[in-house]
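What follows is a set of notes on a single structure, which appears directly below.
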Amino acid sequence: MITLTINEKEITLDKPVTVLEAAKLAGIKIPTLCYHEALKPYGGCRLCVVEVERMPRLQTSCTLMSADGMVVKTESEAISKARRGILEFLLINHPLDCPYCDKAGECELQDMVNKYGASAGRYKEEKRKVPESHKDQILARNMERCIVCTRCVRMCGDVQGASAISIIGRGNRSRMEPFSSAAFNCEYCGNCLTVCPVGAILSRLYIHSFRPWQLDKEVETVCSYCGVGCSFVAQVRDDSIKRVIPRFDLGLNKGLLCSRGRFGYEYISSPERLKTPLVRKHGKLEESTWSEALSVVAERLGHIKKTHGGSSIAGIASPRCCNEDNYVFQKFMRTVCGSNNIDSISRTGFAAAQKYFEDLLGQGITANMIDGLKNSDAILILGGDPTAINPVLGLSIREASGRGAKILVLGNAKGLERFKTLHIMPEVFKEADTLESLLIGIYNARGTRGEKPAIDHGIKSLAGKTGARTAVPEFDELMMTLLESKSASIVFGPDLVQRTDGHRSLFAVSGLTYLLEARLYLLSEKPNEQGVVDTGCVPDMLPGGRPLNVYDFRRKFEEAWKGPVPAEDGLTLFEIIENAGAGKIKAMYIMGENPVFNLPGGPYIKNKLQSLDLLVVQDLFLTETAEIADVVLPALGWSERTGTYTNLERRVQLQRKTVETLHGMEDWRIISEVSGRMGCKMSYTEVRDIMEEMAGVSPLYRDITYQEIGKGNCLWPYHGEPLRGEMKTVPAAADIEREHREDFYLSVEKPLFHSGTLSGKSPALMKIYPGPVLRVGASAAKKAGLKEGDKVQFFTQTGSREAVVSIEESIRDNRVYYSNNFKGSGALGLMTFTIDEVTKAPGLEGCEVKIKKL
Amino acid sequence: MFNETVLKEIDEIRVKYPDRKSALLPSLYIAQREFGWLSQEALLCVAKTLNLPETEVRGAASFYSMYRHKPAGRNLIQLCTNVSCMVLGAERLADFISRKYGVQPGGTSQDGRFSLVIMECIGACGTAPAMLVNTDFHDSLTEKRIEEILEKYK
Ligand code: SF4
Ligand code: SF4
Ligand code: SF4
Ligand code: FES
Ligand code: FES
């Protein structure tokens, strides 16, 4: 217990904090400039000085720890004089261009000078000149305004971990600068921008377009790009989002954002948005009216149902749509169309992996708080770079590394280069072998836990089968580190699911999670992958993860929905596609997804979809899939509608409507319109009604309300009941023999600056990362005689693309990376796939590439 | 990138400190010796060798004025013109060097052979005038002696 007196107020503290923080707790405000709650104390600006009895000179309260019996004064003649002096110094070189500066009105320096500063300075000499740099297209850095508080540098280095900027020079010439070209190592998180107290760092997205006091409204909402689900405040003027501001007291991201969330919001006002429904007439998509388009869909769906039966209809839901949309979608498919053929693109990673993990380890095994990663002492990272797929989650890994956690990386992960303790590079297609060897190693050292028969048995039989381990250097160290750890975490990305033997990796990871009692995190590329599963957009489960084939569950939903639910499990994503046309699927209803571009084997898939009797697509843009649809229905996007997303920790979060739109309808509303026209009226008038229904029927979202969600505490399992079923035996498929034939293997790049094809409609993200390049590892490139900037053509068995080579030090093997984010290019279209018999996820095949210099 | 010998040299410095950041300043000196000045490439090499952020390396380097932030000649002449040396004619010697070798104080000769820096006292007042050429120390300078000495630096 520490008791100190500040301004004659007695304050008692449980644990020692700085005098500044103690004062804050007591409601006493001390002016600061270099202090920031998210950063380590620095003691640079000296504005926070206070008088402390029995201490000589004034003390900086942001660095001074409180001690028992301290007597502090935060205002006095001497203190005011010191502050006035400091501010006068700060203004010596400041351009005083407030009338022209965007920060005016929310500038900490301006406010401070207004309150404590002198009315005029005494300095008469020339001010320092630093020419403004125009190198950066996103961040406007004006170093004449910089007061060298280093908040940006500490943010970029200590928190973001990018270390893209530093203070250059010394004395009155010092200023903040990036290393060389503006973009050197910059991750464009913009977090430096949030902490800069003055107008020295601004965003070019809104510079000179408004004054902070001219904003019409502020709306708290959630990012629409990935499964982390960062919160921020969207600031609106003239019905358009001017900027988004994360708040340090809001959401799980605590004031941090990544480039997509920060700068990617403009896609919503892209001129390419669909404006009217389109209906195919005489082979051509033509503009139509809502009533015509909806009737066409209803009529033709009804007709197909009547002639071929409900199971000839399939639906593809979307992890970019809200829970409410997906819930209504599956209800429509099940009760109105009479089909359980519902799946989503999450089948290619998240949903498939989660199902496997939950079957073995119990529902909710992946429901872990992102924040908890920071407290792990060892983090095993597999299947993708978390700092690119889920950037803000990646920051927790970087922070854990700072706290001494061992960062163990399997595979290429650029964003962890400076943070990893150990790096293991399994051979292409041998990832599962490596993981199995690791599992057996741990098992041999520690034995099983004997708590879950299926998994215990699985590990034992694996140990019997696989004798020798794959010889990877550093393997022993990896094993020892894991065995020594007390609070291990495993971060699992989608790449390892996308193997024809993906289930082997999944079993190994389940085994590791179980033996190490580790926390398991499942990366989620899209914002609502968890929601897609939770709302029942899977062929074998009803909302709440209840198995469809259990009569009791089904009956409950039939009663609630007042309609029959077919008893048989539906087809999974790729089974649906396989059966399209010639097979038994005649109609497909796709909500917010673009399978032709986003799934492997694009040309094959396009062919299949074209052979359908009816293809309906609901989307924001005329995607590759929409182009071949019979009916295209324009939907509303993020910020135009209200709804909930469930993030990868299973936190249900509210997205609030921020702007008005003239075109399009909410996804759920379109579906209920179609449903009504098919003779089954849905009674929702607003989105709240849907959540209410879900809270009544879904055992996982029980009693949830928007009000509660808005407070941010709707975390797994809420008031819900998880299901504690368990797999009896571990399913397996035949092993695959492979030969290595080529020098290079194509992999899909998951860039930090893009997310699906949506981000391509954001002008800012397109400036940061304008188009695809072929990323080749430094040593592989050397061997093949490739250099940075070389123009090449690369070939797989099914196609080829031209690209420019970019050499990437962090790629350690012969994988080459090409993105799947830009229209007209894309890595997935060059690949083929085979289905993992256990998970039904596609294994990416045909990735062997030849590279030819042009 | 640095060659093996240099990497070993930096390694030897690194093991002396518990934190690799502490090896930064001595490593910068080595880089300066290898590259002649702290070019971007030199900074990148140091960053890579010590596995430190490039910006941190540049920030530290730019803080110290005794690192060379501009290209320098193959040989660096640091001539003292402080009190004792000045009294004994150092300023004339500076003129002599400038004329004879075509190198202005703070500059580099056209052929890249010499850079000249005017120094404050280098602690050789007793045998002034004095100068450093690279790391070698020379005192009791006269024009003639300078000619002889510089002959050895190509
Ligand atoms: S945008 Fe992010 S990475 Fe770039 S300089 Fe700012 S804090 Fe650093
Ligand atoms: S740019 Fe802003 S945050 Fe960075 S040091 Fe200057 S004033 Fe501080
Ligand atoms: S981490 Fe994900 S949710 Fe957060 S800002 Fe980035 S894209 Fe958006
Ligand atoms: S806030 Fe304490 S020194 Fe800047
Ligand atoms: S004055 Fe020249 S060495 Fe001291």
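Starting from 1 in every chain, residues are counted up; chains themselves are A, B, ... following the order of the structure tokens, and ligands are numbered from 1 as listed.
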(request) Tell me the residues of chain A close to chain B, meaning within 12 Å using only C-alpha atoms, as a ChimeraX atom specification. (result) /A:153-154,156-158,161-182,184-186,417-420,809
(message) Residues near Lys728 of chain A, anyone? I mean within 8 Å using only C-alpha atoms, not counting same-chain ones fewer than 2 positions away, as a ChimeraX atom specification.
(response) /A:453-454,726,730
Those residues you just picked out, can you put them in a file as a PDB file, in the first residue's frame with all heavy atoms?
```pdb
ATOM      1  N   PRO A 453      -9.997 -40.672 -25.165  1.00  0.00           N
ATOM      2  CA  PRO A 453      -9.610 -41.957 -25.753  1.00  0.00           C
ATOM      3  C   PRO A 453      -9.266 -41.869 -27.231  1.00  0.00           C
ATOM      4  O   PRO A 453      -8.256 -42.423 -27.669  1.00  0.00           O
ATOM      5  CB  PRO A 453     -10.839 -42.830 -25.537  1.00  0.00           C
ATOM      6  CG  PRO A 453     -11.643 -42.142 -24.490  1.00  0.00           C
ATOM      7  CD  PRO A 453     -11.252 -40.718 -24.443  1.00  0.00           C
ATOM      8  N   ALA A 454     -10.094 -41.146 -27.988  1.00  0.00           N
ATOM      9  CA  ALA A 454      -9.870 -41.136 -29.438  1.00  0.00           C
ATOM     10  C   ALA A 454      -8.499 -40.553 -29.765  1.00  0.00           C
ATOM     11  O   ALA A 454      -7.733 -41.118 -30.542  1.00  0.00           O
ATOM     12  CB  ALA A 454     -10.958 -40.316 -30.126  1.00  0.00           C
ATOM     13  N   GLU A 726     -17.945 -35.776 -28.713  1.00  0.00           N
ATOM     14  CA  GLU A 726     -16.550 -36.077 -28.996  1.00  0.00           C
ATOM     15  C   GLU A 726     -16.442 -37.175 -30.045  1.00  0.00           C
ATOM     16  O   GLU A 726     -17.236 -38.107 -30.065  1.00  0.00           O
ATOM     17  CB  GLU A 726     -15.894 -36.562 -27.714  1.00  0.00           C
ATOM     18  CG  GLU A 726     -14.494 -36.032 -27.538  1.00  0.00           C
ATOM     19  CD  GLU A 726     -14.038 -36.308 -26.134  1.00  0.00           C
ATOM     20  OE1 GLU A 726     -13.549 -37.426 -25.921  1.00  0.00           O
ATOM     21  OE2 GLU A 726     -14.200 -35.427 -25.260  1.00  0.00           O
ATOM     22  N   VAL A 730     -10.507 -41.486 -34.824  1.00  0.00           N
ATOM     23  CA  VAL A 730      -9.941 -40.432 -35.648  1.00  0.00           C
ATOM     24  C   VAL A 730     -10.021 -40.840 -37.112  1.00  0.00           C
ATOM     25  O   VAL A 730      -9.452 -41.850 -37.499  1.00  0.00           O
ATOM     26  CB  VAL A 730      -8.475 -40.187 -35.260  1.00  0.00           C
ATOM     27  CG1 VAL A 730      -7.884 -39.107 -36.130  1.00  0.00           C
ATOM     28  CG2 VAL A 730      -8.385 -39.825 -33.796  1.00  0.00           C
TER      29      VAL A 730
END
```
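Remark: for Val617 of chain A, the closest of the candidate residues A:His457, A:Lys305, A:Arg280, A:Lys556 is A:Arg280 (distances computed over only C-alpha atoms).
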(message) Just want the residues within 12 Å of ligand 2, written as a ChimeraX atom specification, counting only C-alpha atoms and all ligand atoms.
(response) /A:33-36,39,42,44-45,90,94,103,107-109,139-157,164-168,174-178,190-202
(request) Kindly work out which residues sit at most 9 Å from ligand 5, using only C-alpha atoms and all ligand atoms, and give the list as a ChimeraX atom specification. (result) /B:79-87,90,119-131,139
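Between atom CA of Ala445 of chain A and atom CA of Gly464 of chain A lies a distance of 14.8 Å.
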